[in-house]
Amino acid sequence: MTWLRKASCRLDVWQLTRPQGQKAGKDAHPGGPPTGFSLLPWLLMGMGAFSHLVQGRTPNPWIGGLGLLTFNSLYIYVVFRAFVKETRQARSTRVALVLMGAVTCGLGLGYGGSWLMFFPLLGLATGAVVRGRRLGQTGLGLTVLTGVVCGIRDGWGAINLVYATFLSTMVTAAILSLSEAVRDLRAAREELARRAVEEERLRFSRDLHDLLGHTLSVVVVKAEAARRLAPRDVGAALTQITDIEAVGRQALTEIREAVTGYREGSLATELDRSRSALTAAGVEPVVRRSGPPLVPQTEALLGWVVREAVTNVVRHSGASHCEITVESTPERVRLTVRDNGTGAPTADARAGIGRTGLKGLTERLSAAGGSLQAGPGAHGGFTVTAELPVVTEELTPTEGVTALPA
């Protein structure tokens, strides 16, 4: 399933980075979020009241005109604040909505007729502002209020306005809530894709560091050995040069495998390479391994630890002796790399958080439920200790502790 995960990641990255206006069939990227402009055309429902006011068919036109202006101003204020969560939930928005309801009731009771059309508009504004648990109670309350006012003015003939008010409240709230939920989900999906890209970059950078850091260190050590041996022992120098060629070819293979994502580390292979690198650097290696066999994932993690720790020994320690011990039980495995040198990584790295290699290893082991400790040894030198929970592929008798010759 590795190819499927990679294809999904590439699709997420493409969708995340494609141009804003680019189409992709039916799944085209939407425009910006809705605003109060989408609810402004509904103000045309009040044109009947405005027409009566202009034609002089409304008693006390100054009161009616002031009420119309007040209602429209409050409506515009409320709907433009309804599309931002912070302003929608603000006290000032709720107060404006209550004032809008009072003005609507006053105009409806005072004039009736076309002025009752402001109740569905009040329902639109209420549905845009009130979401969640209180929507049902608020919608029913507004519907009852509309029924009382319309019943007083127009009797049973205003039942359609009552239904329209209830419908406008609920439908507006449902549509806007669904739109907001879809946009939140899309934003969460894009954030997950962005994090996946960042994690993949971090993983790849760790792999390149672990691969190239160790390999280049071995190449440098063997090249120095070949230079020292060339004047007095051409055969030994040629042997070191042959090793350099083999290491280089192996590094190319590993880099190709890392790029394609199919590289699986082997602890036994890393132990053999470490013995060769330590011997070429003039460091006496002692490798001990005991316990049942490990699953490939655990071996791969421990192989990275051996690679990084031995690279630090070759580069920084100035040691003459290095012990690598692997002790495993059916529950946990411990890897210890101990040298007798004087050089060590920086102080921050001793906590497992400083140098690039140790930091990357700490993150790898922590993600697998393990731990990494690095610091000066009790009897001098430097010690790196890694612990991991393990699941053995098969239970076999524990092997005795053996020391592999250098």
# chains A, B, ... in the order shown; residues from 1 in each chain; ligands from 1
>>> residues_around(residues="Val219 of chain A", least_positions_apart="4", cutoff="12 Å", atoms="only C-alpha atoms", output="JSON, numbers by chain")
{"A": [212, 213, 214, 215, 223, 224, 225, 226, 240, 241, 242, 243, 244, 245, 246, 247, 248, 249, 250, 251, 273, 276, 277, 278, 280, 281, 311, 314, 315]}
>>> residues_around(residues="segment 82-89 of chain A", least_positions_apart="2", cutoff="12 Å", atoms="only C-alpha atoms", output="ChimeraX atom specification")
/A:32-39,75-80,91-97,124-132,172-173,176-177,179-180
>>> write_last_selection(atoms="N, CA and C atoms", output="mmCIF file, in the first residue's frame")
data_model
loop_
_atom_site.group_PDB
_atom_site.id
_atom_site.type_symbol
_atom_site.label_atom_id
_atom_site.label_comp_id
_atom_site.auth_asym_id
_atom_site.auth_seq_id
_atom_site.Cartn_x
_atom_site.Cartn_y
_atom_site.Cartn_z
ATOM 1 N N GLY A 32 -14.295 32.963 -2.584
ATOM 2 C CA GLY A 32 -14.179 33.386 -1.202
ATOM 3 C C GLY A 32 -15.430 33.055 -0.399
ATOM 4 N N PRO A 33 -15.372 33.200 0.903
ATOM 5 C CA PRO A 33 -16.523 32.904 1.748
ATOM 6 C C PRO A 33 -17.650 33.902 1.495
ATOM 7 N N PRO A 34 -18.905 33.491 1.761
ATOM 8 C CA PRO A 34 -20.039 34.406 1.545
ATOM 9 C C PRO A 34 -19.969 35.582 2.505
ATOM 10 N N THR A 35 -20.585 36.680 2.104
ATOM 11 C CA THR A 35 -20.617 37.887 2.927
ATOM 12 C C THR A 35 -22.048 38.393 3.024
ATOM 13 N N GLY A 36 -22.224 39.509 3.720
ATOM 14 C CA GLY A 36 -23.544 40.087 3.878
ATOM 15 C C GLY A 36 -24.178 40.513 2.579
ATOM 16 N N PHE A 37 -23.381 40.699 1.511
ATOM 17 C CA PHE A 37 -23.944 41.094 0.217
ATOM 18 C C PHE A 37 -24.916 40.043 -0.310
ATOM 19 N N SER A 38 -24.710 38.769 0.080
ATOM 20 C CA SER A 38 -25.599 37.721 -0.419
ATOM 21 C C SER A 38 -27.012 37.836 0.150
ATOM 22 N N LEU A 39 -27.203 38.552 1.239
ATOM 23 C CA LEU A 39 -28.528 38.715 1.842
ATOM 24 C C LEU A 39 -29.145 40.083 1.587
ATOM 25 N N TYR A 75 -30.749 45.841 9.692
ATOM 26 C CA TYR A 75 -30.629 44.633 8.883
ATOM 27 C C TYR A 75 -29.245 44.542 8.246
ATOM 28 N N ILE A 76 -28.789 45.630 7.624
ATOM 29 C CA ILE A 76 -27.472 45.640 6.984
ATOM 30 C C ILE A 76 -26.373 45.413 8.024
ATOM 31 N N TYR A 77 -26.490 46.058 9.170
ATOM 32 C CA TYR A 77 -25.488 45.900 10.233
ATOM 33 C C TYR A 77 -25.408 44.445 10.690
ATOM 34 N N VAL A 78 -26.572 43.823 10.894
ATOM 35 C CA VAL A 78 -26.607 42.458 11.430
ATOM 36 C C VAL A 78 -26.075 41.448 10.424
ATOM 37 N N VAL A 79 -26.530 41.513 9.162
ATOM 38 C CA VAL A 79 -26.139 40.477 8.204
ATOM 39 C C VAL A 79 -24.663 40.571 7.836
ATOM 40 N N PHE A 80 -24.090 41.754 7.861
ATOM 41 C CA PHE A 80 -22.666 41.850 7.558
ATOM 42 C C PHE A 80 -21.800 41.346 8.712
ATOM 43 N N ARG A 91 -22.008 40.760 21.645
ATOM 44 C CA ARG A 91 -23.226 41.265 22.293
ATOM 45 C C ARG A 91 -23.893 42.344 21.447
ATOM 46 N N SER A 92 -23.093 43.173 20.783
ATOM 47 C CA SER A 92 -23.670 44.264 19.989
ATOM 48 C C SER A 92 -24.535 43.719 18.851
ATOM 49 N N THR A 93 -24.140 42.589 18.257
ATOM 50 C CA THR A 93 -24.939 41.999 17.185
ATOM 51 C C THR A 93 -26.269 41.492 17.722
ATOM 52 N N ARG A 94 -26.245 40.844 18.873
ATOM 53 C CA ARG A 94 -27.491 40.347 19.465
ATOM 54 C C ARG A 94 -28.413 41.506 19.847
ATOM 55 N N VAL A 95 -27.835 42.569 20.378
ATOM 56 C CA VAL A 95 -28.646 43.735 20.740
ATOM 57 C C VAL A 95 -29.284 44.343 19.500
ATOM 58 N N ALA A 96 -28.521 44.458 18.413
ATOM 59 C CA ALA A 96 -29.060 45.002 17.169
ATOM 60 C C ALA A 96 -30.188 44.118 16.634
ATOM 61 N N LEU A 97 -30.053 42.790 16.793
ATOM 62 C CA LEU A 97 -31.100 41.880 16.334
ATOM 63 C C LEU A 97 -32.384 42.054 17.156
ATOM 64 N N LEU A 124 -34.641 35.985 8.213
ATOM 65 C CA LEU A 124 -33.351 35.832 7.527
ATOM 66 C C LEU A 124 -32.188 36.288 8.413
ATOM 67 N N ALA A 125 -32.348 37.469 8.996
ATOM 68 C CA ALA A 125 -31.283 37.990 9.857
ATOM 69 C C ALA A 125 -31.090 37.109 11.082
ATOM 70 N N THR A 126 -32.182 36.607 11.653
ATOM 71 C CA THR A 126 -32.080 35.743 12.836
ATOM 72 C C THR A 126 -31.383 34.434 12.494
ATOM 73 N N GLY A 127 -31.744 33.825 11.349
ATOM 74 C CA GLY A 127 -31.090 32.583 10.941
ATOM 75 C C GLY A 127 -29.622 32.771 10.644
ATOM 76 N N ALA A 128 -29.245 33.961 10.163
ATOM 77 C CA ALA A 128 -27.832 34.218 9.879
ATOM 78 C C ALA A 128 -27.009 34.380 11.146
ATOM 79 N N VAL A 129 -27.637 34.866 12.216
ATOM 80 C CA VAL A 129 -26.902 35.148 13.457
ATOM 81 C C VAL A 129 -26.952 33.974 14.418
ATOM 82 N N VAL A 130 -28.139 33.404 14.609
ATOM 83 C CA VAL A 130 -28.326 32.363 15.626
ATOM 84 C C VAL A 130 -28.051 30.999 14.998
ATOM 85 N N ARG A 131 -27.079 30.273 15.534
ATOM 86 C CA ARG A 131 -26.753 28.929 15.061
ATOM 87 C C ARG A 131 -26.713 27.985 16.263
ATOM 88 N N GLY A 132 -26.696 26.712 15.973
ATOM 89 C CA GLY A 132 -26.480 25.738 17.033
ATOM 90 C C GLY A 132 -27.705 25.444 17.873
ATOM 91 N N THR A 172 -32.115 29.562 6.259
ATOM 92 C CA THR A 172 -30.917 30.412 6.249
ATOM 93 C C THR A 172 -29.858 29.877 7.196
ATOM 94 N N ALA A 173 -30.285 29.513 8.416
ATOM 95 C CA ALA A 173 -29.329 28.974 9.388
ATOM 96 C C ALA A 173 -28.710 27.675 8.892
ATOM 97 N N LEU A 176 -26.196 28.411 5.819
ATOM 98 C CA LEU A 176 -24.958 29.076 6.243
ATOM 99 C C LEU A 176 -24.122 28.178 7.144
ATOM 100 N N SER A 177 -24.763 27.388 8.007
ATOM 101 C CA SER A 177 -24.012 26.467 8.866
ATOM 102 C C SER A 177 -23.327 25.392 8.036
ATOM 103 N N SER A 179 -22.455 25.639 4.852
ATOM 104 C CA SER A 179 -21.386 26.277 4.097
ATOM 105 C C SER A 179 -20.155 26.484 4.968
ATOM 106 N N GLU A 180 -20.370 26.927 6.204
ATOM 107 C CA GLU A 180 -19.246 27.141 7.108
ATOM 108 C C GLU A 180 -18.565 25.833 7.466
#
>>> select_by_dssp(residues="segment 144-340 of chain A", states="strand (DSSP E or B)", output="PyMOL selection string")
chain A and resi 284-290+321-328+332-339
>>> atom_distance(atom1="atom CA of Pro376 of chain A", atom2="atom CA of Pro330 of chain A")
29.0 Å
>>> closest_residue(among="A:Asp154, A:Glu284, A:Glu331, A:Asp339", to="Ala309 of chain A", atoms="only C-alpha atoms")
A:Asp339
>>> closest_residue(among="A:Met170, A:Val221, A:Leu372, A:Leu267", to="Gln137 of chain A", atoms="only C-alpha atoms")
A:Met170
>>> select_by_dssp(residues="segment 50-147 of chain A", states="alpha helix (DSSP H)", output="PyMOL selection string")
chain A and resi 50-54+61-81+85-88+91-111+118-129+134-147
>>> closest_residue(among="A:Ser266, A:Arg338, A:Ala300, A:Ala188", to="Arg288 of chain A", atoms="only C-alpha atoms")
A:Arg338
>>> residues_around(residues="Ser51 of chain A", least_positions_apart="2", cutoff="12 Å", atoms="only C-alpha atoms", output="MDAnalysis selection string")
chainID A and resid 44:49 53:58 61 64:65 68 114:115
>>> atom_distance(atom1="atom CA of Gln373 of chain A", atom2="atom CA of Ser320 of chain A")
22.1 Å
>>> atom_distance(atom1="atom CA of Thr165 of chain A", atom2="atom CA of Thr143 of chain A")
6.3 Å
>>> closest_residue(among="A:Ala196, A:Met117, A:Arg133, A:Ile255", to="Ser168 of chain A", atoms="only C-alpha atoms")
A:Met117
>>> closest_residue(among="A:Pro296, A:Arg81, A:Gly101, A:Gly106", to="Leu66 of chain A", atoms="only C-alpha atoms")
A:Gly106
>>> residues_around(residues="segment 383-385 of chain A", least_positions_apart="2", cutoff="10 Å", atoms="only C-alpha atoms", output="VMD selection string")
chain A and resid 305 to 306 308 to 310 313 322 to 326 334 to 340 344 350 352 358 371 to 378 380 to 381 387
>>> write_last_selection(atoms="C-alpha atoms", output="mmCIF file, in the first residue's frame")
data_model
loop_
_atom_site.group_PDB
_atom_site.id
_atom_site.type_symbol
_atom_site.label_atom_id
_atom_site.label_comp_id
_atom_site.auth_asym_id
_atom_site.auth_seq_id
_atom_site.Cartn_x
_atom_site.Cartn_y
_atom_site.Cartn_z
ATOM 1 C CA VAL A 305 21.438 4.651 15.595
ATOM 2 C CA VAL A 306 24.533 2.509 14.925
ATOM 3 C CA GLU A 308 25.030 7.885 13.489
ATOM 4 C CA ALA A 309 26.854 6.861 16.666
ATOM 5 C CA VAL A 310 29.772 5.258 14.793
ATOM 6 C CA VAL A 313 33.047 8.146 16.973
ATOM 7 C CA CYS A 322 34.524 1.215 20.645
ATOM 8 C CA GLU A 323 31.993 -1.285 21.937
ATOM 9 C CA ILE A 324 28.616 -1.864 20.285
ATOM 10 C CA THR A 325 26.200 -3.971 22.327
ATOM 11 C CA VAL A 326 22.709 -5.131 21.327
ATOM 12 C CA ARG A 334 18.718 -1.912 24.112
ATOM 13 C CA LEU A 335 21.568 -0.740 21.905
ATOM 14 C CA THR A 336 24.674 0.787 23.471
ATOM 15 C CA VAL A 337 27.599 2.383 21.608
ATOM 16 C CA ARG A 338 30.445 3.242 23.999
ATOM 17 C CA ASP A 339 33.914 4.611 23.195
ATOM 18 C CA ASN A 340 36.951 5.609 25.242
ATOM 19 C CA ALA A 344 32.011 14.303 21.999
ATOM 20 C CA ARG A 350 24.090 15.007 25.025
ATOM 21 C CA GLY A 352 19.510 14.018 22.503
ATOM 22 C CA LEU A 358 20.909 12.914 17.279
ATOM 23 C CA SER A 371 14.100 6.678 23.778
ATOM 24 C CA LEU A 372 17.624 7.873 23.051
ATOM 25 C CA GLN A 373 20.226 9.031 25.559
ATOM 26 C CA ALA A 374 23.669 10.380 24.714
ATOM 27 C CA GLY A 375 26.321 11.686 27.079
ATOM 28 C CA PRO A 376 29.691 11.125 28.734
ATOM 29 C CA GLY A 377 30.242 7.592 29.994
ATOM 30 C CA ALA A 378 30.769 6.696 33.655
ATOM 31 C CA GLY A 380 35.147 8.396 30.357
ATOM 32 C CA GLY A 381 34.453 8.483 26.669
ATOM 33 C CA GLU A 387 15.840 1.553 23.800
#
